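Visitor: This one is entry-v9.cif, mmCIF, C-alpha atoms and all ligand atoms.
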```cif
data_model
#
loop_
_atom_site.label_atom_id
_atom_site.label_comp_id
_atom_site.auth_asym_id
_atom_site.auth_seq_id
_atom_site.Cartn_x
_atom_site.Cartn_y
_atom_site.Cartn_z
CA MET A 1 -74.33 -25.57 -178.39
CA SER A 2 -77.99 -26.58 -177.94
CA ALA A 3 -79.65 -30.00 -178.16
CA ALA A 4 -80.41 -29.18 -181.81
CA THR A 5 -76.69 -28.84 -182.61
CA LEU A 6 -75.68 -32.27 -181.32
CA HIS A 7 -74.08 -34.28 -184.10
CA LEU A 8 -75.88 -37.59 -184.07
CA GLU A 9 -76.03 -38.49 -187.75
CA VAL A 10 -75.55 -42.20 -188.35
CA PRO A 11 -72.98 -42.86 -191.07
CA ILE A 12 -73.29 -45.50 -193.75
CA LEU A 13 -70.31 -47.78 -193.33
CA PRO A 14 -68.07 -47.71 -196.40
CA ALA A 15 -67.49 -50.93 -198.35
CA ALA A 16 -63.87 -50.97 -197.13
CA ALA A 17 -65.14 -51.18 -193.52
CA GLU A 18 -67.44 -54.10 -194.33
CA ASP A 19 -64.57 -55.89 -196.13
CA LEU A 20 -62.41 -55.36 -193.07
CA ARG A 21 -65.18 -56.78 -190.88
CA LEU A 22 -64.97 -60.02 -192.89
CA ASP A 23 -61.19 -60.11 -192.41
CA VAL A 24 -61.59 -59.70 -188.64
CA ARG A 25 -64.24 -62.42 -188.52
CA ALA A 26 -61.96 -64.75 -190.47
CA PHE A 27 -59.14 -64.03 -187.99
CA ILE A 28 -61.47 -64.77 -185.05
CA ALA A 29 -62.61 -68.02 -186.66
CA GLU A 30 -58.95 -69.03 -187.12
CA GLU A 31 -58.16 -68.20 -183.49
CA ARG A 32 -61.14 -70.27 -182.32
CA ALA A 33 -60.25 -73.19 -184.57
CA GLY A 34 -56.69 -73.08 -183.24
CA GLY A 35 -57.92 -73.23 -179.62
CA ARG A 36 -56.49 -69.79 -178.86
CA LEU A 37 -59.86 -68.17 -178.10
CA PRO A 38 -61.84 -70.18 -175.55
CA PRO A 39 -65.46 -69.18 -174.79
CA PRO A 40 -65.49 -66.36 -172.21
CA THR A 41 -66.37 -66.86 -168.55
CA LYS A 42 -65.74 -63.22 -167.60
CA VAL A 43 -66.91 -59.82 -168.77
CA GLY A 44 -64.33 -57.08 -169.42
CA LEU A 45 -61.14 -56.98 -171.46
CA GLY A 46 -58.78 -59.92 -171.05
CA PHE A 47 -55.02 -59.20 -171.18
CA SER A 48 -52.91 -61.31 -173.54
CA VAL A 49 -49.63 -60.05 -174.97
CA GLU A 50 -49.60 -62.95 -177.46
CA MET A 51 -53.07 -62.07 -178.77
CA THR A 52 -52.12 -58.38 -179.02
CA GLN A 53 -49.07 -59.33 -181.08
CA ARG A 54 -51.16 -61.46 -183.43
CA ILE A 55 -53.60 -58.54 -183.84
CA ALA A 56 -50.66 -56.16 -184.44
CA LYS A 57 -49.36 -58.46 -187.21
CA ARG A 58 -52.68 -57.91 -189.02
CA GLY A 59 -52.09 -54.13 -188.80
CA TRP A 60 -55.14 -53.52 -186.58
CA ILE A 61 -53.45 -51.47 -183.84
CA GLY A 62 -53.02 -47.79 -184.67
CA LEU A 63 -55.16 -48.46 -187.73
CA THR A 64 -55.92 -44.78 -188.39
CA TRP A 65 -52.40 -43.45 -187.77
CA PRO A 66 -50.02 -42.32 -190.52
CA ARG A 67 -47.99 -45.11 -192.12
CA VAL A 68 -44.79 -43.37 -191.17
CA TYR A 69 -45.65 -44.11 -187.52
CA GLY A 70 -46.68 -47.73 -188.10
CA GLY A 71 -50.36 -47.05 -188.85
CA GLN A 72 -52.48 -47.98 -191.86
CA GLU A 73 -54.08 -44.55 -192.58
CA ARG A 74 -57.54 -46.10 -192.47
CA SER A 75 -60.71 -44.34 -191.28
CA ALA A 76 -62.20 -44.06 -187.78
CA LEU A 77 -65.17 -46.07 -189.09
CA GLU A 78 -62.86 -48.91 -190.09
CA ARG A 79 -61.29 -48.79 -186.64
CA TYR A 80 -64.78 -48.89 -185.20
CA VAL A 81 -65.57 -52.08 -187.09
CA VAL A 82 -62.36 -53.81 -185.93
CA THR A 83 -63.07 -52.83 -182.31
CA GLU A 84 -66.67 -53.94 -182.49
CA GLU A 85 -65.85 -57.35 -183.94
CA LEU A 86 -63.01 -58.06 -181.49
CA LEU A 87 -65.10 -57.08 -178.47
CA ALA A 88 -68.24 -58.90 -179.58
CA ALA A 89 -66.15 -62.08 -179.90
CA SER A 90 -64.51 -61.53 -176.46
CA VAL A 91 -61.00 -61.38 -177.91
CA PRO A 92 -58.60 -60.36 -175.08
CA VAL A 93 -57.45 -56.94 -176.27
CA GLY A 94 -56.58 -55.39 -172.89
CA ALA A 95 -52.81 -55.20 -173.44
CA HIS A 96 -52.95 -52.66 -176.27
CA TRP A 97 -56.36 -51.15 -175.48
CA ILE A 98 -55.37 -47.91 -173.72
CA ALA A 99 -52.39 -47.22 -176.00
CA ASP A 100 -54.45 -47.79 -179.16
CA ARG A 101 -57.52 -45.91 -177.94
CA GLN A 102 -56.07 -42.88 -176.20
CA SER A 103 -52.33 -42.71 -175.41
CA GLY A 104 -51.36 -43.09 -179.10
CA PRO A 105 -53.94 -40.53 -180.34
CA VAL A 106 -52.82 -38.06 -177.65
CA LEU A 107 -49.19 -38.45 -178.72
CA LEU A 108 -50.24 -38.09 -182.35
CA LYS A 109 -52.12 -34.87 -181.60
CA PHE A 110 -49.87 -33.20 -179.01
CA GLY A 111 -46.59 -35.14 -178.91
CA SER A 112 -43.23 -34.09 -180.32
CA GLU A 113 -41.88 -35.59 -183.54
CA ALA A 114 -39.39 -37.61 -181.48
CA GLN A 115 -42.16 -39.01 -179.24
CA LYS A 116 -44.28 -39.99 -182.25
CA ALA A 117 -41.34 -41.66 -183.98
CA PHE A 118 -40.35 -43.54 -180.81
CA TYR A 119 -43.66 -44.68 -179.29
CA LEU A 120 -46.22 -45.00 -182.08
CA PRO A 121 -44.53 -47.71 -184.20
CA ARG A 122 -43.91 -49.74 -181.03
CA ILE A 123 -47.56 -49.41 -179.97
CA ALA A 124 -48.75 -50.39 -183.45
CA GLY A 125 -46.32 -53.34 -183.38
CA GLY A 126 -47.85 -54.64 -180.12
CA GLU A 127 -44.58 -54.10 -178.22
CA CYS A 128 -45.37 -51.17 -175.97
CA PHE A 129 -48.35 -50.70 -173.64
CA PHE A 130 -49.64 -47.71 -171.64
CA CYS A 131 -51.86 -46.95 -168.66
CA ILE A 132 -53.74 -43.84 -167.53
CA GLY A 133 -52.44 -41.82 -164.57
CA MET A 134 -55.23 -39.39 -163.78
CA SER A 135 -57.16 -40.34 -160.59
CA GLU A 136 -55.73 -39.80 -157.10
CA PRO A 137 -56.94 -40.82 -153.64
CA ASP A 138 -58.83 -37.51 -153.19
CA SER A 139 -59.26 -36.53 -156.82
CA GLY A 140 -61.52 -38.51 -159.13
CA SER A 141 -64.49 -36.58 -160.48
CA ASP A 142 -62.82 -33.35 -159.40
CA LEU A 143 -59.65 -34.18 -161.29
CA ALA A 144 -58.33 -30.62 -161.30
CA SER A 145 -57.84 -30.86 -157.52
CA LEU A 146 -55.05 -33.43 -157.99
CA ARG A 147 -51.93 -33.01 -155.87
CA SER A 148 -49.19 -34.96 -157.68
CA LYS A 149 -46.51 -32.49 -158.65
CA ALA A 150 -43.56 -32.22 -160.97
CA GLU A 151 -40.89 -29.62 -160.40
CA LYS A 152 -38.42 -28.47 -163.01
CA VAL A 153 -34.87 -29.72 -162.46
CA PRO A 154 -31.89 -29.56 -164.82
CA GLY A 155 -32.60 -31.76 -167.86
CA GLY A 156 -36.09 -32.78 -166.80
CA TRP A 157 -38.74 -33.01 -164.11
CA ARG A 158 -38.91 -34.54 -160.62
CA ILE A 159 -42.31 -36.11 -159.81
CA ASN A 160 -43.84 -36.75 -156.39
CA GLY A 161 -47.37 -37.96 -155.74
CA ARG A 162 -49.77 -40.87 -155.79
CA LYS A 163 -52.13 -42.19 -158.47
CA ILE A 164 -54.90 -44.68 -157.81
CA TRP A 165 -57.20 -47.13 -159.67
CA THR A 166 -54.50 -47.34 -162.34
CA THR A 167 -55.67 -50.19 -164.52
CA ASN A 168 -52.89 -52.55 -165.67
CA ALA A 169 -50.00 -50.46 -164.23
CA HIS A 170 -48.38 -53.73 -163.13
CA ARG A 171 -48.54 -55.18 -166.65
CA VAL A 172 -47.65 -52.28 -168.97
CA HIS A 173 -44.55 -50.21 -169.77
CA TYR A 174 -45.57 -46.55 -169.43
CA ILE A 175 -48.01 -44.31 -167.60
CA ILE A 176 -49.09 -40.88 -168.83
CA ALA A 177 -49.28 -39.01 -165.55
CA LEU A 178 -51.29 -35.82 -165.16
CA VAL A 179 -49.44 -33.68 -162.61
CA ARG A 180 -49.36 -30.09 -161.42
CA THR A 181 -46.33 -28.15 -162.62
CA SER A 182 -47.50 -24.64 -161.67
CA THR A 183 -50.28 -22.80 -159.85
CA VAL A 184 -52.21 -20.18 -161.75
CA GLU A 185 -54.26 -17.71 -159.69
CA GLY A 186 -57.97 -18.02 -160.56
CA SER A 187 -57.71 -21.17 -162.73
CA ARG A 188 -57.46 -24.67 -161.29
CA HIS A 189 -57.31 -26.12 -164.80
CA ALA A 190 -54.21 -24.20 -165.83
CA GLY A 191 -50.83 -25.51 -164.66
CA LEU A 192 -51.57 -29.22 -165.18
CA THR A 193 -49.15 -31.16 -167.37
CA GLN A 194 -48.92 -34.63 -168.95
CA LEU A 195 -45.64 -36.52 -168.55
CA ILE A 196 -44.70 -39.98 -169.85
CA VAL A 197 -43.18 -42.09 -167.08
CA ASP A 198 -41.40 -45.39 -167.57
CA LEU A 199 -42.97 -47.64 -164.91
CA LYS A 200 -39.55 -49.21 -164.27
CA ALA A 201 -37.99 -45.84 -163.35
CA PRO A 202 -36.38 -45.57 -159.89
CA GLY A 203 -38.86 -44.16 -157.34
CA VAL A 204 -41.99 -45.72 -158.91
CA THR A 205 -43.78 -48.21 -156.63
CA ILE A 206 -46.82 -50.12 -157.90
CA SER A 207 -49.09 -51.75 -155.31
CA PRO A 208 -52.11 -53.92 -156.14
CA ILE A 209 -55.71 -52.97 -155.39
CA VAL A 210 -57.85 -56.13 -155.49
CA SER A 211 -61.38 -55.56 -156.81
CA MET A 212 -64.51 -56.98 -155.19
CA ALA A 213 -64.43 -59.68 -157.89
CA GLY A 214 -61.16 -60.78 -156.21
CA GLU A 215 -59.07 -59.72 -159.21
CA HIS A 216 -55.92 -57.64 -159.50
CA ASP A 217 -56.45 -55.25 -162.40
CA PHE A 218 -55.95 -51.87 -160.83
CA ASN A 219 -53.19 -50.41 -158.67
CA GLU A 220 -51.87 -47.58 -156.64
CA VAL A 221 -48.81 -45.95 -158.28
CA LEU A 222 -46.53 -43.98 -155.99
CA PHE A 223 -43.98 -41.50 -157.37
CA GLU A 224 -41.12 -40.63 -155.00
CA ASP A 225 -38.61 -38.22 -156.53
CA VAL A 226 -39.05 -39.87 -159.93
CA PHE A 227 -36.87 -38.17 -162.55
CA VAL A 228 -38.14 -37.94 -166.13
CA PRO A 229 -36.17 -36.18 -168.88
CA ASP A 230 -37.40 -33.06 -170.67
CA ASP A 231 -38.58 -35.11 -173.63
CA ALA A 232 -41.15 -36.87 -171.39
CA LEU A 233 -43.34 -33.75 -171.57
CA ILE A 234 -46.37 -34.18 -173.86
CA GLY A 235 -47.48 -31.00 -175.63
CA GLN A 236 -47.13 -27.82 -173.65
CA GLU A 237 -46.33 -27.45 -169.99
CA GLY A 238 -49.54 -26.30 -168.24
CA ASN A 239 -51.87 -27.41 -171.08
CA GLY A 240 -52.61 -30.84 -169.59
CA TRP A 241 -56.28 -30.13 -168.90
CA ASN A 242 -57.09 -29.44 -172.56
CA GLN A 243 -55.10 -32.48 -173.64
CA VAL A 244 -56.85 -34.72 -171.12
CA SER A 245 -60.29 -33.47 -172.19
CA ALA A 246 -59.54 -34.52 -175.76
CA GLU A 247 -58.29 -37.90 -174.48
CA LEU A 248 -61.40 -38.57 -172.39
CA ALA A 249 -63.65 -38.15 -175.43
CA TYR A 250 -61.81 -41.07 -177.09
CA GLU A 251 -62.24 -43.04 -173.88
CA ARG A 252 -65.97 -42.48 -173.57
CA SER A 253 -67.57 -43.24 -176.89
CA GLY A 254 -66.35 -46.59 -178.16
CA PRO A 255 -68.25 -49.87 -178.36
CA GLU A 256 -66.59 -51.05 -175.13
CA ARG A 257 -69.09 -48.83 -173.35
CA TRP A 258 -71.99 -51.05 -174.35
CA LEU A 259 -70.38 -54.35 -175.33
CA SER A 260 -69.16 -55.53 -171.88
CA SER A 261 -72.52 -57.19 -171.25
CA PHE A 262 -72.96 -58.33 -174.85
CA ARG A 263 -71.26 -61.66 -174.25
CA LEU A 264 -73.72 -62.26 -171.42
CA ILE A 265 -76.71 -61.52 -173.68
CA ASN A 266 -75.15 -63.66 -176.39
CA GLU A 267 -74.63 -66.59 -174.03
CA LEU A 268 -78.18 -66.25 -172.72
CA THR A 269 -79.62 -66.25 -176.24
CA THR A 270 -77.76 -69.49 -177.01
CA ALA A 271 -78.76 -71.13 -173.71
CA LEU A 272 -82.44 -70.15 -174.00
CA GLY A 273 -83.21 -72.05 -177.19
CA PRO A 274 -86.59 -72.01 -178.98
CA GLU A 275 -88.68 -73.02 -175.93
CA ALA A 276 -88.20 -69.75 -174.03
CA ARG A 277 -91.16 -68.07 -172.35
CA PRO A 278 -92.76 -65.13 -174.21
CA SER A 279 -91.95 -62.85 -171.26
CA SER A 280 -88.24 -63.79 -171.56
CA LEU A 281 -88.25 -63.19 -175.31
CA GLU A 282 -89.94 -59.84 -174.85
CA ALA A 283 -87.35 -58.73 -172.28
CA LEU A 284 -84.52 -59.96 -174.50
CA GLY A 285 -86.03 -58.21 -177.55
CA ARG A 286 -86.23 -54.95 -175.62
CA LEU A 287 -82.57 -55.25 -174.63
CA LEU A 288 -81.51 -55.92 -178.19
CA SER A 289 -83.45 -52.92 -179.52
CA HIS A 290 -81.64 -50.70 -176.99
CA LEU A 291 -78.35 -52.27 -178.01
CA LEU A 292 -78.98 -51.41 -181.67
CA ALA A 293 -79.86 -47.80 -180.83
CA LEU A 294 -76.66 -47.47 -178.78
CA ARG A 295 -74.63 -48.85 -181.63
CA GLN A 296 -76.02 -46.18 -183.94
CA LEU A 297 -75.13 -43.45 -181.42
CA SER A 298 -71.64 -44.82 -180.94
CA LEU A 299 -71.16 -45.03 -184.73
CA SER A 300 -72.20 -41.41 -185.09
CA VAL A 301 -69.40 -40.44 -182.66
CA ALA A 302 -66.92 -42.47 -184.72
CA SER A 303 -67.99 -40.47 -187.77
CA MET A 304 -67.41 -37.21 -185.84
CA ILE A 305 -63.89 -38.35 -184.97
CA GLN A 306 -63.39 -39.17 -188.65
CA ALA A 307 -64.57 -35.67 -189.61
CA GLY A 308 -62.19 -34.11 -187.06
CA ARG A 309 -65.01 -32.66 -184.91
CA PRO A 310 -64.55 -32.74 -181.10
CA PRO A 311 -67.13 -35.27 -179.83
CA ASN A 312 -66.98 -34.41 -176.10
CA VAL A 313 -70.72 -33.99 -175.47
CA GLU A 314 -71.85 -36.75 -177.82
CA ALA A 315 -69.27 -39.15 -176.32
CA ALA A 316 -70.60 -38.35 -172.83
CA ILE A 317 -74.14 -39.19 -174.03
CA VAL A 318 -72.98 -42.56 -175.43
CA LYS A 319 -71.15 -43.45 -172.22
CA ASP A 320 -74.03 -42.42 -169.95
CA LEU A 321 -76.65 -44.37 -171.94
CA GLY A 322 -74.29 -47.26 -172.73
CA THR A 323 -73.22 -47.94 -169.16
CA LYS A 324 -76.80 -47.70 -167.83
CA PHE A 325 -77.76 -50.21 -170.53
CA GLU A 326 -74.95 -52.52 -169.42
CA GLN A 327 -76.16 -52.53 -165.83
CA GLU A 328 -79.76 -53.02 -166.94
CA ALA A 329 -78.66 -55.96 -169.13
CA VAL A 330 -77.16 -57.74 -166.11
CA ARG A 331 -80.44 -57.33 -164.19
CA VAL A 332 -82.57 -58.54 -167.12
CA VAL A 333 -80.35 -61.57 -167.77
CA ARG A 334 -80.43 -62.48 -164.07
CA ASP A 335 -84.27 -62.32 -164.06
CA ILE A 336 -84.52 -64.48 -167.20
CA VAL A 337 -82.00 -67.03 -165.89
CA SER A 338 -84.04 -67.32 -162.73
CA ALA A 339 -87.47 -67.49 -164.49
CA GLU A 340 -86.22 -70.11 -166.98
CA GLY A 341 -84.52 -72.25 -164.33
CA LEU A 342 -81.18 -71.86 -166.15
CA ALA A 343 -79.41 -71.42 -162.82
CA ASP A 344 -79.86 -75.13 -162.13
CA GLY A 345 -79.01 -76.58 -165.57
CA GLY A 346 -76.15 -79.05 -165.71
CA ASP A 347 -75.05 -78.54 -169.34
CA PRO A 348 -71.83 -76.60 -170.10
CA ARG A 349 -73.69 -73.69 -171.72
CA SER A 350 -75.71 -72.99 -168.54
CA GLY A 351 -72.49 -73.35 -166.54
CA ARG A 352 -70.78 -70.72 -168.72
CA LEU A 353 -73.81 -68.45 -168.50
CA ARG A 354 -73.84 -68.72 -164.70
CA ALA A 355 -70.10 -67.94 -164.48
CA LEU A 356 -70.50 -64.91 -166.77
CA LEU A 357 -73.52 -63.67 -164.84
CA MET A 358 -71.77 -64.01 -161.51
CA HIS A 359 -68.75 -62.07 -162.82
CA ALA A 360 -70.94 -59.42 -164.51
CA GLN A 361 -72.82 -58.79 -161.26
CA LEU A 362 -69.55 -58.08 -159.48
CA MET A 363 -68.23 -55.86 -162.28
CA ALA A 364 -71.44 -53.94 -163.12
CA PRO A 365 -71.15 -51.22 -160.43
CA ALA A 366 -67.85 -50.12 -162.03
CA PHE A 367 -69.46 -49.58 -165.47
CA THR A 368 -70.91 -46.21 -164.44
CA VAL A 369 -67.76 -45.10 -162.56
CA ARG A 370 -64.72 -45.83 -164.78
CA GLY A 371 -63.84 -43.14 -167.33
CA GLY A 372 -65.93 -40.53 -165.45
CA THR A 373 -69.11 -41.18 -163.44
CA ASN A 374 -72.56 -40.76 -164.96
CA GLU A 375 -73.30 -37.74 -162.74
CA ILE A 376 -70.21 -36.00 -164.12
CA LEU A 377 -71.14 -36.98 -167.69
CA ARG A 378 -74.61 -35.51 -167.23
CA GLY A 379 -73.01 -32.26 -166.06
CA ILE A 380 -70.93 -32.20 -169.29
CA ILE A 381 -74.04 -32.90 -171.37
CA ALA A 382 -76.11 -30.23 -169.58
CA LYS A 383 -73.37 -27.65 -170.07
CA GLY A 384 -72.81 -28.74 -173.67
CA ILE A 385 -76.44 -28.24 -174.67
CA GLY A 386 -76.78 -24.97 -172.80
CA LEU A 387 -78.83 -26.12 -169.80
CA ARG A 388 -76.23 -25.12 -167.23
C1 LIG A 401 -62.86 -50.29 -163.22
C2 LIG A 401 -62.21 -48.95 -163.05
C3 LIG A 401 -61.02 -48.67 -163.70
C4 LIG A 401 -60.40 -47.43 -163.54
N1 LIG A 401 -59.21 -47.21 -164.18
C5 LIG A 401 -58.59 -46.02 -164.01
C6 LIG A 401 -57.31 -45.78 -164.64
O1 LIG A 401 -56.76 -46.65 -165.33
N2 LIG A 401 -56.71 -44.59 -164.44
C7 LIG A 401 -57.29 -43.59 -163.69
O2 LIG A 401 -56.72 -42.51 -163.60
N3 LIG A 401 -58.49 -43.79 -163.07
C8 LIG A 401 -59.14 -44.98 -163.22
N4 LIG A 401 -60.35 -45.20 -162.59
C9 LIG A 401 -60.86 -44.18 -161.68
C10 LIG A 401 -62.10 -43.45 -162.17
O3 LIG A 401 -61.79 -42.55 -163.21
C11 LIG A 401 -62.70 -42.73 -160.95
O4 LIG A 401 -63.14 -43.74 -160.06
C12 LIG A 401 -63.85 -41.85 -161.31
O5 LIG A 401 -63.42 -40.73 -162.04
C13 LIG A 401 -64.61 -41.36 -160.05
O6 LIG A 401 -63.75 -40.80 -159.11
P1 LIG A 401 -63.79 -41.27 -157.58
O7 LIG A 401 -63.72 -42.76 -157.56
O8 LIG A 401 -62.78 -40.50 -156.85
O9 LIG A 401 -65.26 -40.89 -157.06
P2 LIG A 401 -65.74 -39.46 -156.55
O10 LIG A 401 -65.28 -38.41 -157.49
O11 LIG A 401 -65.37 -39.32 -155.11
O12 LIG A 401 -67.31 -39.59 -156.68
C14 LIG A 401 -68.11 -40.26 -155.70
C15 LIG A 401 -69.58 -40.06 -156.10
O13 LIG A 401 -69.92 -38.66 -156.04
C16 LIG A 401 -70.47 -38.24 -157.29
N5 LIG A 401 -70.04 -36.86 -157.59
C17 LIG A 401 -68.78 -36.37 -157.48
N6 LIG A 401 -68.75 -35.08 -157.90
C18 LIG A 401 -70.02 -34.77 -158.30
C19 LIG A 401 -70.63 -33.59 -158.85
N7 LIG A 401 -69.92 -32.48 -159.09
N8 LIG A 401 -71.96 -33.65 -159.16
C20 LIG A 401 -72.68 -34.77 -158.94
N9 LIG A 401 -72.16 -35.92 -158.42
C21 LIG A 401 -70.85 -35.92 -158.10
C22 LIG A 401 -69.89 -39.20 -158.31
O14 LIG A 401 -70.70 -39.27 -159.47
C23 LIG A 401 -69.87 -40.52 -157.54
O15 LIG A 401 -71.13 -41.12 -157.58
C24 LIG A 401 -60.99 -46.43 -162.72
C25 LIG A 401 -62.19 -46.71 -162.05
C26 LIG A 401 -62.79 -47.95 -162.20
C27 LIG A 401 -64.07 -48.22 -161.46
#
```
Can you present the structure in this file as structure tokens?

Guide:
Amino acid sequence: MSAATLHLEVPILPAAAEDLRLDVRAFIAEERAGGRLPPPTKVGLGFSVEMTQRIAKRGWIGLTWPRVYGGQERSALERYVVTEELLAASVPVGAHWIADRQSGPVLLKFGSEAQKAFYLPRIAGGECFFCIGMSEPDSGSDLASLRSKAEKVPGGWRINGRKIWTTNAHRVHYIIALVRTSTVEGSRHAGLTQLIVDLKAPGVTISPIVSMAGEHDFNEVLFEDVFVPDDALIGQEGNGWNQVSAELAYERSGPERWLSSFRLINELTTALGPEARPSSLEALGRLLSHLLALRQLSLSVASMIQAGRPPNVEAAIVKDLGTKFEQEAVRVVRDIVSAEGLADGGDPRSGRLRALLMHAQLMAPAFTVRGGTNEILRGIIAKGIGLR
């Protein structure tokens, strides 16, 4: 692949997607009117099982999956629109997020018929949530160096090891753990395997890791002689690296990679009003033009997924540019808030803006780390376009 072969064509959204957008907006308006969607004071995905179940009732989880597994057989572009609208309105979607975005698609692509029939309808119904078990204390960017192991025992596998930074492990039902099941001379990537582990299984211990924002979202997950049955194996034993690579592309390209700071920009725009200084408007205008360009890039990846093309390099580009934009947005908003004296305002809108800004400043360093750091993404891009 060279730079010229990157697939960055921007699709025209089909009428069905725009109709769906109106449905999602109507749902959001109803939630607001019913007092179930208060204005946000934090960036990031909130976690609400009740909200997830209301979204599931609309059929918006597993939207692209076959009907036989609880899906709606709609397009990746329609899913994109639903995601974009829910995130832009700060709807707490964290409960189903990982399962809808990557665990479900991985099961759909590599899972057995029994796994699809068991898990997918429950995910789509908002009853079953997943987390990601990849990183370990000494293995993040260099994931293939991981040391968690599963050994074959009669009827299944016995797992020992430790995962870290596991978002929502204390709130969800299952983890898909990437573990070593064999050692292959000359290939660190071979011999890795994905297993589904029930987080209530004997031998699993989940301990909190409190973030610098003082919040408990991620965890350490310890496996001590955890038994999982044979049917916990996803795809082929030893093929985990290929499966995980496909999964990470889903993780990297979506609107969540550039919409975390959107609520901050939105709140600032409302708080500024018509009297803002030209320098503030110019800085805000620049941010918004970058936001629109990112949206086009992200949409082009959604159209690749729709066409069944692997978007690994393009998704890495979206995540690298999107997360840098998110950090830049926090800096720009902070400068405008300070120049406009919004930090001292007593009205509720300035109060909300200040709370959001404070939270965004604490969360922003993580934007370029979660889901693969920007240095690693640039390596993938360089390799993908033949520069390395
Ligand atoms: C908010 C958040 C949520 C997360 N949730 C999960 C989760 O649910 N499940 C999960 O499995 N993991 C999760 N992670 C972990 C995340 O995937 C890792 O933090 C990430 O992959 C980086 O690994 P590391 O922290 O070990 O850093 P390291 O790999 O130690 O990297 C440290 C620094 O060195 C740089 N570096 C490393 N290797 C290279 C190289 N070859 N070339 C150039 N630079 C390099 C990195 O870019 C980084 O700046 C989460 C992380 C965050 C911040």

Visitor: Which residues are near ligand LIG 401 (chain A) in this structure, taking near to mean any atom at most 7 Å from a ligand atom and counting only C-alpha atoms and all ligand atoms? Format them as a PyMOL selection string.

Guide: chain A and resi 131-135+137-142+163-167+218+366-367+369-376

Visitor: Take atom CA of Trp241 of chain A and atom CA of Ser300 of chain A and report the distance between them in Å, one decimal.

Guide: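 Computed distance, atom CA of Trp241 of chain A to atom CA of Ser300 of chain A, equals 25.4 Å.
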
Visitor: Please report the interatomic distance between atom CA of Ala246 of chain A and atom CA of His189 of chain A in Å with one decimal.

Guide: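 Atom-to-atom, atom CA of Ala246 of chain A to atom CA of His189 of chain A, that is 14.0 Å.
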
Visitor: Atom CA of Ser145 of chain A and atom CA of Gly186 of chain A, how far apart in Å?

Guide: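 For atom CA of Gly186 of chain A relative to atom CA of Ser145 of chain A, the distance reads 13.2 Å.
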
Visitor: Hey, which bits of segment 298-373 of chain A sit within 7 Å of segment 210-213 of chain A, and for each residue what's the closest pair of atoms and how far apart in Å (one decimal), counting all atoms listed in the file, rows by chain and increasing number, as CSV?

Guide:
```
residue,atom,partner,partner_atom,distance
A:His359,CA,A:Ala213,CA,7.0
A:Leu362,CA,A:Ala213,CA,5.6
A:Met363,CA,A:Ala213,CA,7.0
```

Visitor: Report as a list in words all protein, DNA and RNA residues lying within 9 Å of Leu287 of chain A, evaluated on only C-alpha atoms, omitting residues in the same chain fewer than 2 positions from it.

Guide: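 Answer for this query is Ile265, Glu282, Ala283, Leu284, Gly285, Ser289, His290, Leu291, Leu292, Phe325, Glu328, Ala329 and Val332 of chain A.
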
Visitor: May I have the residues from that selection written out with C-alpha atoms, as a tab-separated table (two decimals), keeping the file's coordinate frame?

Guide:
```tsv
chain	number	residue	atom	x	y	z
A	265	ILE	CA	-76.71	-61.52	-173.68
A	282	GLU	CA	-89.94	-59.84	-174.85
A	283	ALA	CA	-87.35	-58.73	-172.28
A	284	LEU	CA	-84.52	-59.96	-174.50
A	285	GLY	CA	-86.03	-58.21	-177.55
A	289	SER	CA	-83.45	-52.92	-179.52
A	290	HIS	CA	-81.64	-50.70	-176.99
A	291	LEU	CA	-78.35	-52.27	-178.01
A	292	LEU	CA	-78.98	-51.41	-181.67
A	325	PHE	CA	-77.76	-50.21	-170.53
A	328	GLU	CA	-79.76	-53.02	-166.94
A	329	ALA	CA	-78.66	-55.96	-169.13
A	332	VAL	CA	-82.57	-58.54	-167.12
```

Visitor: Val244 of chain A: which residues within 10 Å, counting all atoms listed in the file, same-chain residues fewer than 5 positions away excluded, as an mmCIF file with C-alpha atoms, in the frame of the given file?

Guide:
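Now in selection.cif:
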```cif
data_model
loop_
_atom_site.group_PDB
_atom_site.id
_atom_site.type_symbol
_atom_site.label_atom_id
_atom_site.label_comp_id
_atom_site.auth_asym_id
_atom_site.auth_seq_id
_atom_site.Cartn_x
_atom_site.Cartn_y
_atom_site.Cartn_z
ATOM 1 C CA GLN A 102 -56.070 -42.880 -176.200
ATOM 2 C CA VAL A 106 -52.820 -38.060 -177.650
ATOM 3 C CA MET A 134 -55.230 -39.390 -163.780
ATOM 4 C CA LEU A 178 -51.290 -35.820 -165.160
ATOM 5 C CA LEU A 192 -51.570 -29.220 -165.180
ATOM 6 C CA THR A 193 -49.150 -31.160 -167.370
ATOM 7 C CA GLN A 194 -48.920 -34.630 -168.950
ATOM 8 C CA ASN A 239 -51.870 -27.410 -171.080
ATOM 9 C CA ALA A 249 -63.650 -38.150 -175.430
#
```

Visitor: Counting all atoms listed in the file, what is within 10 Å of Asp230 of chain A, bar same-chain residues fewer than 2 positions away, as a list in words?

Guide: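 Returned residues: Lys152, Val153, Pro154, Gly155, Gly156, Trp157, Leu195, Phe227, Val228, Ala232, Leu233 and Ile234 of chain A.
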